[in-house]
file data.txt (compact mmCIF, C-alpha atoms)
# COMPACT_ATOMS: atom_id res chain seq x y z
CA MET N 635 -19.29 2.22 5.55
CA GLU N 636 -21.47 4.99 6.83
CA GLY N 637 -21.97 8.04 4.73
CA GLY N 638 -22.03 6.55 1.25
CA ALA N 639 -19.79 4.88 -1.24
CA TYR N 640 -16.02 5.36 -0.71
CA GLY N 641 -16.62 7.79 2.12
CA ALA N 642 -18.61 10.26 0.04
CA GLY N 643 -20.57 11.28 3.11
CA LYS N 644 -17.37 12.62 4.68
CA ALA N 645 -16.46 14.76 1.69
CA GLY N 646 -15.81 18.42 2.37
CA GLY N 647 -14.63 17.83 5.91
CA ALA N 648 -11.73 19.77 7.37
CA PHE N 649 -8.28 18.28 7.02
CA ASP N 650 -7.22 16.60 10.25
CA PRO N 651 -3.45 15.87 10.31
CA HIS N 652 -3.70 13.96 13.58
CA THR N 653 -6.18 11.50 12.09
CA LEU N 654 -4.11 11.16 8.94
CA VAL N 655 -0.81 10.34 10.65
CA ARG N 656 -2.46 7.78 12.94
CA GLN N 657 -3.88 5.70 10.12
CA PRO N 658 -2.03 2.41 9.47
CA HIS N 659 -2.17 3.12 5.75
CA THR N 660 -0.30 6.41 6.19
CA ILE N 661 2.27 4.81 8.47
CA LEU N 662 3.01 2.19 5.83
CA ARG N 663 3.49 4.90 3.22
CA VAL N 664 6.01 6.72 5.41
CA VAL N 665 7.85 3.48 6.18
CA SER N 666 7.99 2.61 2.46
CA TRP N 667 9.22 6.13 1.76
CA VAL N 668 12.08 5.69 4.26
CA PHE N 669 12.95 2.25 2.86
CA SER N 670 13.20 3.66 -0.66
CA ILE N 671 15.63 6.34 0.57
CA VAL N 672 17.80 3.66 2.19
CA VAL N 673 17.89 1.58 -1.00
CA PHE N 674 18.78 4.23 -3.55
CA GLY N 675 20.91 6.19 -1.07
CA SER N 676 23.04 3.15 -0.25
CA ILE N 677 23.65 2.37 -3.90
CA VAL N 678 24.36 5.95 -4.95
CA ASN N 679 26.78 6.64 -2.08
CA GLU N 680 28.63 3.33 -1.81
CA GLY N 681 27.38 1.11 -4.60
CA TYR N 682 30.07 2.15 -7.10
CA LEU N 683 33.72 1.24 -6.55
CA ASN N 684 36.93 2.41 -8.14
CA SER N 685 38.61 -0.21 -10.28
CA ASN N 686 42.12 -1.36 -9.42
CA SER N 687 43.40 -0.01 -12.72
CA GLY N 688 42.21 3.46 -11.82
CA GLY N 689 39.63 3.58 -14.57
CA GLU N 690 35.91 4.17 -14.36
CA LYS N 691 33.86 3.10 -11.36
CA PHE N 692 31.95 -0.18 -11.46
CA CYS N 693 28.84 -1.48 -9.72
CA ILE N 694 29.45 -3.42 -6.52
CA TYR N 695 26.91 -6.03 -7.59
CA ASN N 696 29.06 -8.29 -9.78
CA ARG N 697 30.20 -5.34 -11.88
CA ASN N 698 26.71 -5.29 -13.37
CA PRO N 699 25.64 -1.69 -14.03
CA SER N 700 22.07 -2.84 -14.62
CA ALA N 701 21.78 -3.99 -11.00
CA CYS N 702 22.80 -0.60 -9.60
CA SER N 703 20.68 1.26 -12.13
CA TYR N 704 17.61 -0.83 -11.33
CA GLY N 705 18.01 -0.33 -7.58
CA VAL N 706 18.44 3.43 -7.91
CA ALA N 707 15.58 3.81 -10.39
CA VAL N 708 13.10 1.77 -8.34
CA GLY N 709 14.12 3.52 -5.14
CA VAL N 710 13.75 7.03 -6.55
CA LEU N 711 10.43 6.30 -8.28
CA ALA N 712 9.05 4.61 -5.15
CA PHE N 713 10.12 7.68 -3.15
CA LEU N 714 8.17 9.97 -5.48
CA THR N 715 5.16 7.63 -5.57
CA CYS N 716 4.94 7.64 -1.77
CA LEU N 717 4.94 11.43 -1.72
CA LEU N 718 2.25 11.55 -4.40
CA TYR N 719 -0.11 9.22 -2.56
CA LEU N 720 0.55 10.87 0.77
CA ALA N 721 -0.69 14.07 -0.84
CA LEU N 722 -3.69 12.16 -2.18
CA ASP N 723 -4.48 10.85 1.31
CA ALA N 724 -4.49 14.40 2.63
CA TYR N 725 -6.65 15.72 -0.21
CA PHE N 726 -9.03 12.75 -0.37
CA PRO N 727 -11.61 13.95 2.22
CA GLN N 728 -12.30 16.99 0.04
CA ILE N 729 -13.21 14.93 -3.04
CA SER N 730 -17.01 14.89 -3.31
CA SER N 731 -17.42 12.81 -6.48
CA VAL N 732 -17.96 9.11 -5.81
CA LYS N 733 -16.56 8.34 -9.26
CA ASP N 734 -13.34 10.24 -8.53
CA ARG N 735 -13.04 8.55 -5.16
CA LYS N 736 -13.43 5.14 -6.76
CA LYS N 737 -10.70 5.94 -9.29
CA ALA N 738 -8.36 7.00 -6.48
CA VAL N 739 -8.99 3.80 -4.53
CA LEU N 740 -8.50 1.54 -7.55
CA SER N 741 -5.32 3.34 -8.58
CA ASP N 742 -3.97 3.00 -5.04
CA ILE N 743 -4.61 -0.74 -5.03
CA GLY N 744 -3.07 -1.20 -8.48
CA VAL N 745 -0.01 0.94 -7.73
CA SER N 746 0.63 -0.87 -4.44
CA ALA N 747 0.53 -4.27 -6.14
CA PHE N 748 2.75 -3.02 -8.97
CA TRP N 749 5.41 -1.68 -6.62
CA ALA N 750 5.36 -4.82 -4.49
CA PHE N 751 6.16 -6.74 -7.69
CA LEU N 752 8.96 -4.33 -8.66
CA TRP N 753 10.54 -4.62 -5.23
CA PHE N 754 10.33 -8.41 -5.43
CA VAL N 755 12.15 -8.34 -8.76
CA GLY N 756 14.69 -5.88 -7.37
CA PHE N 757 15.37 -8.01 -4.30
CA CYS N 758 15.90 -11.16 -6.38
CA PHE N 759 18.09 -9.30 -8.89
CA LEU N 760 20.33 -7.59 -6.32
CA ALA N 761 20.62 -10.69 -4.13
CA ASN N 762 21.59 -12.84 -7.10
CA GLN N 763 24.21 -10.40 -8.37
CA TRP N 764 25.62 -9.95 -4.88
CA GLN N 765 25.91 -13.70 -4.44
CA VAL N 766 27.91 -14.15 -7.63
CA SER N 767 30.15 -11.13 -7.06
CA LYS N 768 33.87 -11.98 -7.12
CA PRO N 769 35.91 -11.19 -4.00
CA LYS N 770 38.85 -10.09 -6.15
CA ASP N 771 36.76 -7.19 -7.48
CA ASN N 772 36.51 -5.75 -3.96
CA PRO N 773 39.42 -7.02 -1.85
CA MET N 774 38.97 -4.27 0.75
CA ASN N 775 35.25 -5.07 1.21
CA GLU N 776 34.31 -1.48 0.55
CA GLY N 777 30.60 -0.69 0.56
CA THR N 778 29.54 -4.20 1.58
CA ASP N 779 27.29 -2.96 4.38
CA ALA N 780 25.55 -0.56 2.04
CA ALA N 781 25.09 -3.31 -0.56
CA ARG N 782 23.53 -5.63 2.01
CA ALA N 783 21.33 -2.79 3.33
CA ALA N 784 19.94 -2.16 -0.16
CA ILE N 785 19.10 -5.86 -0.52
CA THR N 786 17.55 -6.07 2.96
CA PHE N 787 15.33 -3.03 2.59
CA SER N 788 14.29 -4.10 -0.89
CA PHE N 789 12.98 -7.26 0.76
CA PHE N 790 11.15 -5.29 3.47
CA SER N 791 9.62 -3.02 0.84
CA ILE N 792 7.83 -5.97 -0.75
CA PHE N 793 5.68 -6.34 2.36
CA THR N 794 5.14 -2.66 3.13
CA TRP N 795 3.78 -2.12 -0.40
CA ASP N 796 1.85 -5.39 -0.38
CA TYR N 797 0.02 -4.47 2.83
CA MET N 798 -0.62 -0.95 1.54
CA ASP N 799 -4.10 -1.97 0.31
CA PRO N 800 -6.85 0.52 1.29
CA SER N 801 -9.54 -2.15 0.92
CA GLN N 802 -8.03 -3.95 3.92
CA ASP N 803 -8.05 -0.91 6.20
CA SER N 804 -11.47 -0.06 7.62
CA SER N 805 -10.11 3.12 9.21
CA MET N 806 -9.37 4.68 5.84
CA PRO N 807 -11.71 7.46 4.67
CA TYR N 808 -12.25 5.55 1.45
CA ALA N 809 -12.82 2.04 2.71
CA PRO N 810 -15.03 -0.08 0.44
CA TYR N 811 -18.71 0.65 0.45
CA VAL N 812 -20.94 -1.61 2.51
CA GLU N 813 -24.65 -1.75 1.79
CA PRO N 814 -26.42 -0.06 4.71
CA SER N 815 -29.42 -1.68 6.30
CA ALA N 816 -32.80 -0.49 5.08
CA GLY N 817 -34.19 -0.15 8.59
CA PRO N 818 -32.96 0.73 12.05
CA ASP N 819 -30.51 -1.67 13.65
CA PRO N 820 -30.54 -0.89 17.37
CA ALA N 821 -28.55 -4.01 18.20
CA GLY N 822 -25.77 -2.98 15.83
CA MET N 823 -25.79 -6.33 14.09
CA GLY N 824 -25.78 -4.93 10.54
CA GLY N 825 -27.36 -6.73 7.63
CA THR N 826 -30.48 -5.99 5.69
CA TYR N 827 -33.80 -5.09 7.16
CA GLN N 828 -36.28 -7.91 7.54
CA GLN N 829 -39.96 -7.25 7.88
CA PRO N 830 -41.16 -8.39 11.29
CA ALA N 831 -43.65 -11.18 11.49
CA ASN N 832 -47.23 -10.00 11.37
CA THR N 833 -48.76 -10.19 14.81
CA PHE N 834 -52.24 -10.24 13.34
CA ASP N 835 -53.63 -13.29 11.62
CA THR N 836 -55.28 -12.09 8.47
CA GLU N 837 -56.52 -15.52 7.50
CA PRO N 838 -60.20 -16.04 8.34
CA GLN N 839 -60.74 -18.75 10.91
CA GLY N 840 -64.14 -19.75 9.63
CA TYR N 841 -67.62 -18.39 10.16
CA GLN N 842 -68.84 -18.34 13.71
CA SER N 843 -72.52 -17.79 14.30
CA GLN N 844 -73.63 -15.42 16.95
CA GLY N 845 -76.53 -16.26 19.21
CA TYR N 846 -79.36 -13.88 19.50

call {"tool": "encode", "arguments": {"input": "data.txt", "output": "structure tokens"}}
result
Amino acid sequence: MEGGAYGAGKAGGAFDPHTLVRQPHTILRVVSWVFSIVVFGSIVNEGYLNSNSGGEKFCIYNRNPSACSYGVAVGVLAFLTCLLYLALDAYFPQISSVKDRKKAVLSDIGVSAFWAFLWFVGFCFLANQWQVSKPKDNPMNEGTDAARAAITFSFFSIFTWDYMDPSQDSSMPYAPYVEPSAGPDPAGMGGTYQQPANTFDTEPQGYQSQGY
């Protein structure tokens, strides 16, 4: 990338919100943020049902409180993580240290992979508990749409976080560093500079006598 490692040459530039919101990486963050709201919001609002005996509420996913707790916890933490890295995206152009930029990129890659894994676990957990839920626990089918929505958007979140890898997005201000060519490249082909072939033959061709 032009300008130095991890976009160091662009450091100190003015914040451009139009450029930020048009980047695919930012769009994926916003989509993941919305998905997390759907997941934990669905479980909090309709994921707990009143028992027939009038006692305490129970989780709609097979009466397993761990399933509801996991979905809410992952959703809320993913919500906060999206906000944190959206702020980092906005602040990133002002970071001048290449070392700090590298740390931000590596943390972004690691966090994205980690959350994709957590959403995969959450999807499998919620889907399994929903499958084994007993109809007699919820004869009126209350909250079933919300329960299915949480499972569905947990599945979608796996891919939005998995594709949220800055190393795959060349439009990002901190795309991976590419070694620039040592010489001019008028054709735009990239690559390293190669010394042109010498047009002069420096090897002696033998002694030639001159006539006087």

call {"tool": "closest_atom_pairs", "arguments": {"input": "data.txt", "of": "region 687-728 of chain N", "to": "region 737-744 of chain N", "cutoff": "10 Å", "atoms": "only C-alpha atoms", "output": "tab-separated table"}}
result
residue	atom	partner	partner_atom	distance
N:Tyr719	CA	N:Asp742	CA	7.7
N:Leu722	CA	N:Ala738	CA	8.2
N:Asp723	CA	N:Ala738	CA	9.5
N:Phe726	CA	N:Ala738	CA	8.4

call {"tool": "residues_around", "arguments": {"input": "data.txt", "residues": "Tyr797 (chain N)", "least_positions_apart": "5", "cutoff": "12 Å", "atoms": "all atoms listed in the file", "output": "NGL selection string"}}
result
:N and (658-663 or 665-666 or 742-743 or 745-747 or 749-750 or 790-792 or 802-803)

call {"tool": "write_last_selection", "arguments": {"input": "data.txt", "atoms": "C-alpha atoms", "output": "PDB file, in the frame of the given file"}}
result
ATOM      1  CA  PRO N 658      -2.030   2.410   9.470  1.00  0.00           C
ATOM      2  CA  HIS N 659      -2.170   3.120   5.750  1.00  0.00           C
ATOM      3  CA  THR N 660      -0.300   6.410   6.190  1.00  0.00           C
ATOM      4  CA  ILE N 661       2.270   4.810   8.470  1.00  0.00           C
ATOM      5  CA  LEU N 662       3.010   2.190   5.830  1.00  0.00           C
ATOM      6  CA  ARG N 663       3.490   4.900   3.220  1.00  0.00           C
ATOM      7  CA  VAL N 665       7.850   3.480   6.180  1.00  0.00           C
ATOM      8  CA  SER N 666       7.990   2.610   2.460  1.00  0.00           C
ATOM      9  CA  ASP N 742      -3.970   3.000  -5.040  1.00  0.00           C
ATOM     10  CA  ILE N 743      -4.610  -0.740  -5.030  1.00  0.00           C
ATOM     11  CA  VAL N 745      -0.010   0.940  -7.730  1.00  0.00           C
ATOM     12  CA  SER N 746       0.630  -0.870  -4.440  1.00  0.00           C
ATOM     13  CA  ALA N 747       0.530  -4.270  -6.140  1.00  0.00           C
ATOM     14  CA  TRP N 749       5.410  -1.680  -6.620  1.00  0.00           C
ATOM     15  CA  ALA N 750       5.360  -4.820  -4.490  1.00  0.00           C
ATOM     16  CA  PHE N 790      11.150  -5.290   3.470  1.00  0.00           C
ATOM     17  CA  SER N 791       9.620  -3.020   0.840  1.00  0.00           C
ATOM     18  CA  ILE N 792       7.830  -5.970  -0.750  1.00  0.00           C
ATOM     19  CA  GLN N 802      -8.030  -3.950   3.920  1.00  0.00           C
ATOM     20  CA  ASP N 803      -8.050  -0.910   6.200  1.00  0.00           C
TER      21      ASP N 803
END

call {"tool": "axis_aligned_box", "arguments": {"input": "data.txt", "around": "region 704-713 of chain N", "padding_each_side": "8 Å", "output": "JSON"}}
result
{"center_x": 13.7, "center_y": 3.4, "center_z": -7.2, "size_x": 25.4, "size_y": 24.5, "size_z": 24.2}

call {"tool": "atom_distance", "arguments": {"input": "data.txt", "atom1": "CA of Arg735 (chain N)", "atom2": "CA of Leu711 (chain N)"}}
result
23.8 Å

call {"tool": "closest_residue", "arguments": {"input": "data.txt", "among": "N:Pro651, N:Gly681, N:Asn762, N:Gly675", "to": "Thr778 (chain N)", "atoms": "all atoms listed in the file"}}
result
N:Gly681

call {"tool": "residues_around", "arguments": {"input": "data.txt", "residues": "Gly777 (chain N)", "least_positions_apart": "4", "cutoff": "10 Å", "atoms": "only C-alpha atoms", "output": "VMD selection string"}}
result
chain N and resid 676 to 677 679 to 683 694 772 781 to 783

call {"tool": "write_last_selection", "arguments": {"input": "data.txt", "atoms": "C-alpha atoms", "output": "PDB file, in the coordinates of the input"}}
result
ATOM      1  CA  SER N 676      23.040   3.150  -0.250  1.00  0.00           C
ATOM      2  CA  ILE N 677      23.650   2.370  -3.900  1.00  0.00           C
ATOM      3  CA  ASN N 679      26.780   6.640  -2.080  1.00  0.00           C
ATOM      4  CA  GLU N 680      28.630   3.330  -1.810  1.00  0.00           C
ATOM      5  CA  GLY N 681      27.380   1.110  -4.600  1.00  0.00           C
ATOM      6  CA  TYR N 682      30.070   2.150  -7.100  1.00  0.00           C
ATOM      7  CA  LEU N 683      33.720   1.240  -6.550  1.00  0.00           C
ATOM      8  CA  ILE N 694      29.450  -3.420  -6.520  1.00  0.00           C
ATOM      9  CA  ASN N 772      36.510  -5.750  -3.960  1.00  0.00           C
ATOM     10  CA  ALA N 781      25.090  -3.310  -0.560  1.00  0.00           C
ATOM     11  CA  ARG N 782      23.530  -5.630   2.010  1.00  0.00           C
ATOM     12  CA  ALA N 783      21.330  -2.790   3.330  1.00  0.00           C
TER      13      ALA N 783
END

call {"tool": "closest_residue", "arguments": {"input": "data.txt", "among": "N:Tyr695, N:Phe748, N:Tyr725, N:Phe713", "to": "Met798 (chain N)", "atoms": "all atoms listed in the file"}}
result
N:Phe748

call {"tool": "residues_around", "arguments": {"input": "data.txt", "residues": "Trp753 (chain N)", "least_positions_apart": "4", "cutoff": "12 Å", "atoms": "only C-alpha atoms", "output": "MDAnalysis selection string"}}
result
chainID N and resid 666 669:670 673 704:709 711:712 746:749 757:761 784:796

call {"tool": "atom_distance", "arguments": {"input": "data.txt", "atom1": "CA of Ile671 (chain N)", "atom2": "CA of Lys770 (chain N)"}}
result
29.2 Å

call {"tool": "atom_distance", "arguments": {"input": "data.txt", "atom1": "CA of Ala724 (chain N)", "atom2": "CA of Val655 (chain N)"}}
result
9.7 Å

call {"tool": "closest_residue", "arguments": {"input": "data.txt", "among": "N:Leu717, N:Val668, N:Val755, N:Arg697", "to": "Asn684 (chain N)", "atoms": "all atoms listed in the file"}}
result
N:Arg697

call {"tool": "decode", "arguments": {"input": "data.txt", "residues": "region 688-700 of chain N", "atoms": "all heavy atoms", "output": "PDB file, in the first residue's frame"}}
result
ATOM      1  N   GLY N 688     -47.167 -20.735  38.101  1.00  0.00           N
ATOM      2  CA  GLY N 688     -47.144 -19.361  38.567  1.00  0.00           C
ATOM      3  C   GLY N 688     -45.887 -19.002  39.320  1.00  0.00           C
ATOM      4  O   GLY N 688     -45.848 -17.961  39.979  1.00  0.00           O
ATOM      5  N   GLY N 689     -44.868 -19.837  39.211  1.00  0.00           N
ATOM      6  CA  GLY N 689     -43.618 -19.570  39.903  1.00  0.00           C
ATOM      7  C   GLY N 689     -42.704 -18.672  39.096  1.00  0.00           C
ATOM      8  O   GLY N 689     -43.157 -17.801  38.340  1.00  0.00           O
ATOM      9  N   GLU N 690     -41.411 -18.907  39.234  1.00  0.00           N
ATOM     10  CA  GLU N 690     -40.438 -18.083  38.531  1.00  0.00           C
ATOM     11  C   GLU N 690     -40.461 -18.368  37.028  1.00  0.00           C
ATOM     12  O   GLU N 690     -40.897 -19.425  36.577  1.00  0.00           O
ATOM     13  CB  GLU N 690     -39.035 -18.350  39.093  1.00  0.00           C
ATOM     14  CG  GLU N 690     -38.873 -17.938  40.550  1.00  0.00           C
ATOM     15  CD  GLU N 690     -37.467 -18.178  41.040  1.00  0.00           C
ATOM     16  OE1 GLU N 690     -36.662 -18.743  40.263  1.00  0.00           O
ATOM     17  OE2 GLU N 690     -37.180 -17.805  42.191  1.00  0.00           O
ATOM     18  N   LYS N 691     -39.959 -17.395  36.277  1.00  0.00           N
ATOM     19  CA  LYS N 691     -39.881 -17.552  34.830  1.00  0.00           C
ATOM     20  C   LYS N 691     -38.777 -18.541  34.462  1.00  0.00           C
ATOM     21  O   LYS N 691     -37.809 -18.701  35.198  1.00  0.00           O
ATOM     22  CB  LYS N 691     -39.625 -16.207  34.160  1.00  0.00           C
ATOM     23  CG  LYS N 691     -40.781 -15.229  34.286  1.00  0.00           C
ATOM     24  CD  LYS N 691     -40.505 -13.953  33.513  1.00  0.00           C
ATOM     25  CE  LYS N 691     -41.713 -13.007  33.578  1.00  0.00           C
ATOM     26  NZ  LYS N 691     -41.477 -11.768  32.786  1.00  0.00           N
ATOM     27  N   PHE N 692     -38.930 -19.171  33.309  1.00  0.00           N
ATOM     28  CA  PHE N 692     -37.926 -20.119  32.829  1.00  0.00           C
ATOM     29  C   PHE N 692     -37.539 -19.782  31.393  1.00  0.00           C
ATOM     30  O   PHE N 692     -38.283 -19.117  30.666  1.00  0.00           O
ATOM     31  CB  PHE N 692     -38.446 -21.563  32.919  1.00  0.00           C
ATOM     32  CG  PHE N 692     -39.652 -21.840  32.050  1.00  0.00           C
ATOM     33  CD1 PHE N 692     -39.508 -22.288  30.741  1.00  0.00           C
ATOM     34  CD2 PHE N 692     -40.942 -21.648  32.550  1.00  0.00           C
ATOM     35  CE1 PHE N 692     -40.611 -22.550  29.950  1.00  0.00           C
ATOM     36  CE2 PHE N 692     -42.044 -21.899  31.767  1.00  0.00           C
ATOM     37  CZ  PHE N 692     -41.887 -22.350  30.461  1.00  0.00           C
ATOM     38  N   CYS N 693     -36.365 -20.240  31.002  1.00  0.00           N
ATOM     39  CA  CYS N 693     -35.842 -19.968  29.655  1.00  0.00           C
ATOM     40  C   CYS N 693     -36.617 -20.770  28.621  1.00  0.00           C
ATOM     41  O   CYS N 693     -36.931 -21.949  28.827  1.00  0.00           O
ATOM     42  CB  CYS N 693     -34.357 -20.322  29.603  1.00  0.00           C
ATOM     43  SG  CYS N 693     -33.601 -20.062  27.974  1.00  0.00           S
ATOM     44  N   ILE N 694     -36.917 -20.138  27.498  1.00  0.00           N
ATOM     45  CA  ILE N 694     -37.697 -20.792  26.452  1.00  0.00           C
ATOM     46  C   ILE N 694     -36.923 -21.924  25.782  1.00  0.00           C
ATOM     47  O   ILE N 694     -37.509 -22.822  25.188  1.00  0.00           O
ATOM     48  CB  ILE N 694     -38.148 -19.746  25.405  1.00  0.00           C
ATOM     49  CG1 ILE N 694     -39.250 -20.305  24.512  1.00  0.00           C
ATOM     50  CG2 ILE N 694     -36.951 -19.269  24.573  1.00  0.00           C
ATOM     51  CD1 ILE N 694     -39.850 -19.265  23.570  1.00  0.00           C
ATOM     52  N   TYR N 695     -35.613 -21.893  25.902  1.00  0.00           N
ATOM     53  CA  TYR N 695     -34.778 -22.926  25.289  1.00  0.00           C
ATOM     54  C   TYR N 695     -34.630 -24.106  26.247  1.00  0.00           C
ATOM     55  O   TYR N 695     -33.673 -24.206  27.010  1.00  0.00           O
ATOM     56  CB  TYR N 695     -33.401 -22.362  24.926  1.00  0.00           C
ATOM     57  CG  TYR N 695     -33.452 -21.272  23.882  1.00  0.00           C
ATOM     58  CD1 TYR N 695     -33.315 -19.931  24.258  1.00  0.00           C
ATOM     59  CD2 TYR N 695     -33.634 -21.563  22.536  1.00  0.00           C
ATOM     60  CE1 TYR N 695     -33.363 -18.920  23.316  1.00  0.00           C
ATOM     61  CE2 TYR N 695     -33.683 -20.557  21.592  1.00  0.00           C
ATOM     62  CZ  TYR N 695     -33.556 -19.240  21.984  1.00  0.00           C
ATOM     63  OH  TYR N 695     -33.611 -18.228  21.049  1.00  0.00           O
ATOM     64  N   ASN N 696     -35.615 -25.003  26.233  1.00  0.00           N
ATOM     65  CA  ASN N 696     -35.565 -26.241  27.000  1.00  0.00           C
ATOM     66  C   ASN N 696     -35.423 -26.000  28.501  1.00  0.00           C
ATOM     67  O   ASN N 696     -34.813 -26.801  29.214  1.00  0.00           O
ATOM     68  CB  ASN N 696     -34.416 -27.128  26.492  1.00  0.00           C
ATOM     69  CG  ASN N 696     -34.507 -28.554  26.982  1.00  0.00           C
ATOM     70  OD1 ASN N 696     -35.608 -29.080  27.169  1.00  0.00           O
ATOM     71  ND2 ASN N 696     -33.366 -29.172  27.225  1.00  0.00           N
ATOM     72  N   ARG N 697     -35.929 -24.881  28.961  1.00  0.00           N
ATOM     73  CA  ARG N 697     -35.836 -24.534  30.385  1.00  0.00           C
ATOM     74  C   ARG N 697     -34.376 -24.482  30.869  1.00  0.00           C
ATOM     75  O   ARG N 697     -34.104 -24.692  32.046  1.00  0.00           O
ATOM     76  CB  ARG N 697     -36.619 -25.531  31.253  1.00  0.00           C
ATOM     77  CG  ARG N 697     -38.124 -25.410  31.140  1.00  0.00           C
ATOM     78  CD  ARG N 697     -38.823 -26.412  32.031  1.00  0.00           C
ATOM     79  NE  ARG N 697     -40.250 -26.186  32.078  1.00  0.00           N
ATOM     80  CZ  ARG N 697     -40.895 -25.507  33.024  1.00  0.00           C
ATOM     81  NH1 ARG N 697     -40.197 -24.965  34.021  1.00  0.00           N
ATOM     82  NH2 ARG N 697     -42.212 -25.366  32.989  1.00  0.00           N
ATOM     83  N   ASN N 698     -33.485 -24.206  29.964  1.00  0.00           N
ATOM     84  CA  ASN N 698     -32.063 -24.173  30.303  1.00  0.00           C
ATOM     85  C   ASN N 698     -31.633 -22.716  30.483  1.00  0.00           C
ATOM     86  O   ASN N 698     -31.469 -21.992  29.486  1.00  0.00           O
ATOM     87  CB  ASN N 698     -31.238 -24.844  29.205  1.00  0.00           C
ATOM     88  CG  ASN N 698     -29.777 -25.012  29.575  1.00  0.00           C
ATOM     89  OD1 ASN N 698     -29.302 -24.420  30.550  1.00  0.00           O
ATOM     90  ND2 ASN N 698     -29.042 -25.798  28.810  1.00  0.00           N
ATOM     91  N   PRO N 699     -31.428 -22.285  31.702  1.00  0.00           N
ATOM     92  CA  PRO N 699     -31.049 -20.869  31.904  1.00  0.00           C
ATOM     93  C   PRO N 699     -29.694 -20.528  31.296  1.00  0.00           C
ATOM     94  O   PRO N 699     -29.441 -19.372  30.954  1.00  0.00           O
ATOM     95  CB  PRO N 699     -31.035 -20.725  33.432  1.00  0.00           C
ATOM     96  CG  PRO N 699     -30.834 -22.108  33.949  1.00  0.00           C
ATOM     97  CD  PRO N 699     -31.514 -23.024  32.980  1.00  0.00           C
ATOM     98  N   SER N 700     -28.836 -21.526  31.147  1.00  0.00           N
ATOM     99  CA  SER N 700     -27.518 -21.265  30.550  1.00  0.00           C
ATOM    100  C   SER N 700     -27.640 -20.834  29.096  1.00  0.00           C
ATOM    101  O   SER N 700     -26.850 -20.023  28.606  1.00  0.00           O
ATOM    102  CB  SER N 700     -26.631 -22.505  30.660  1.00  0.00           C
ATOM    103  OG  SER N 700     -26.409 -22.863  32.005  1.00  0.00           O
TER     104      SER N 700
END
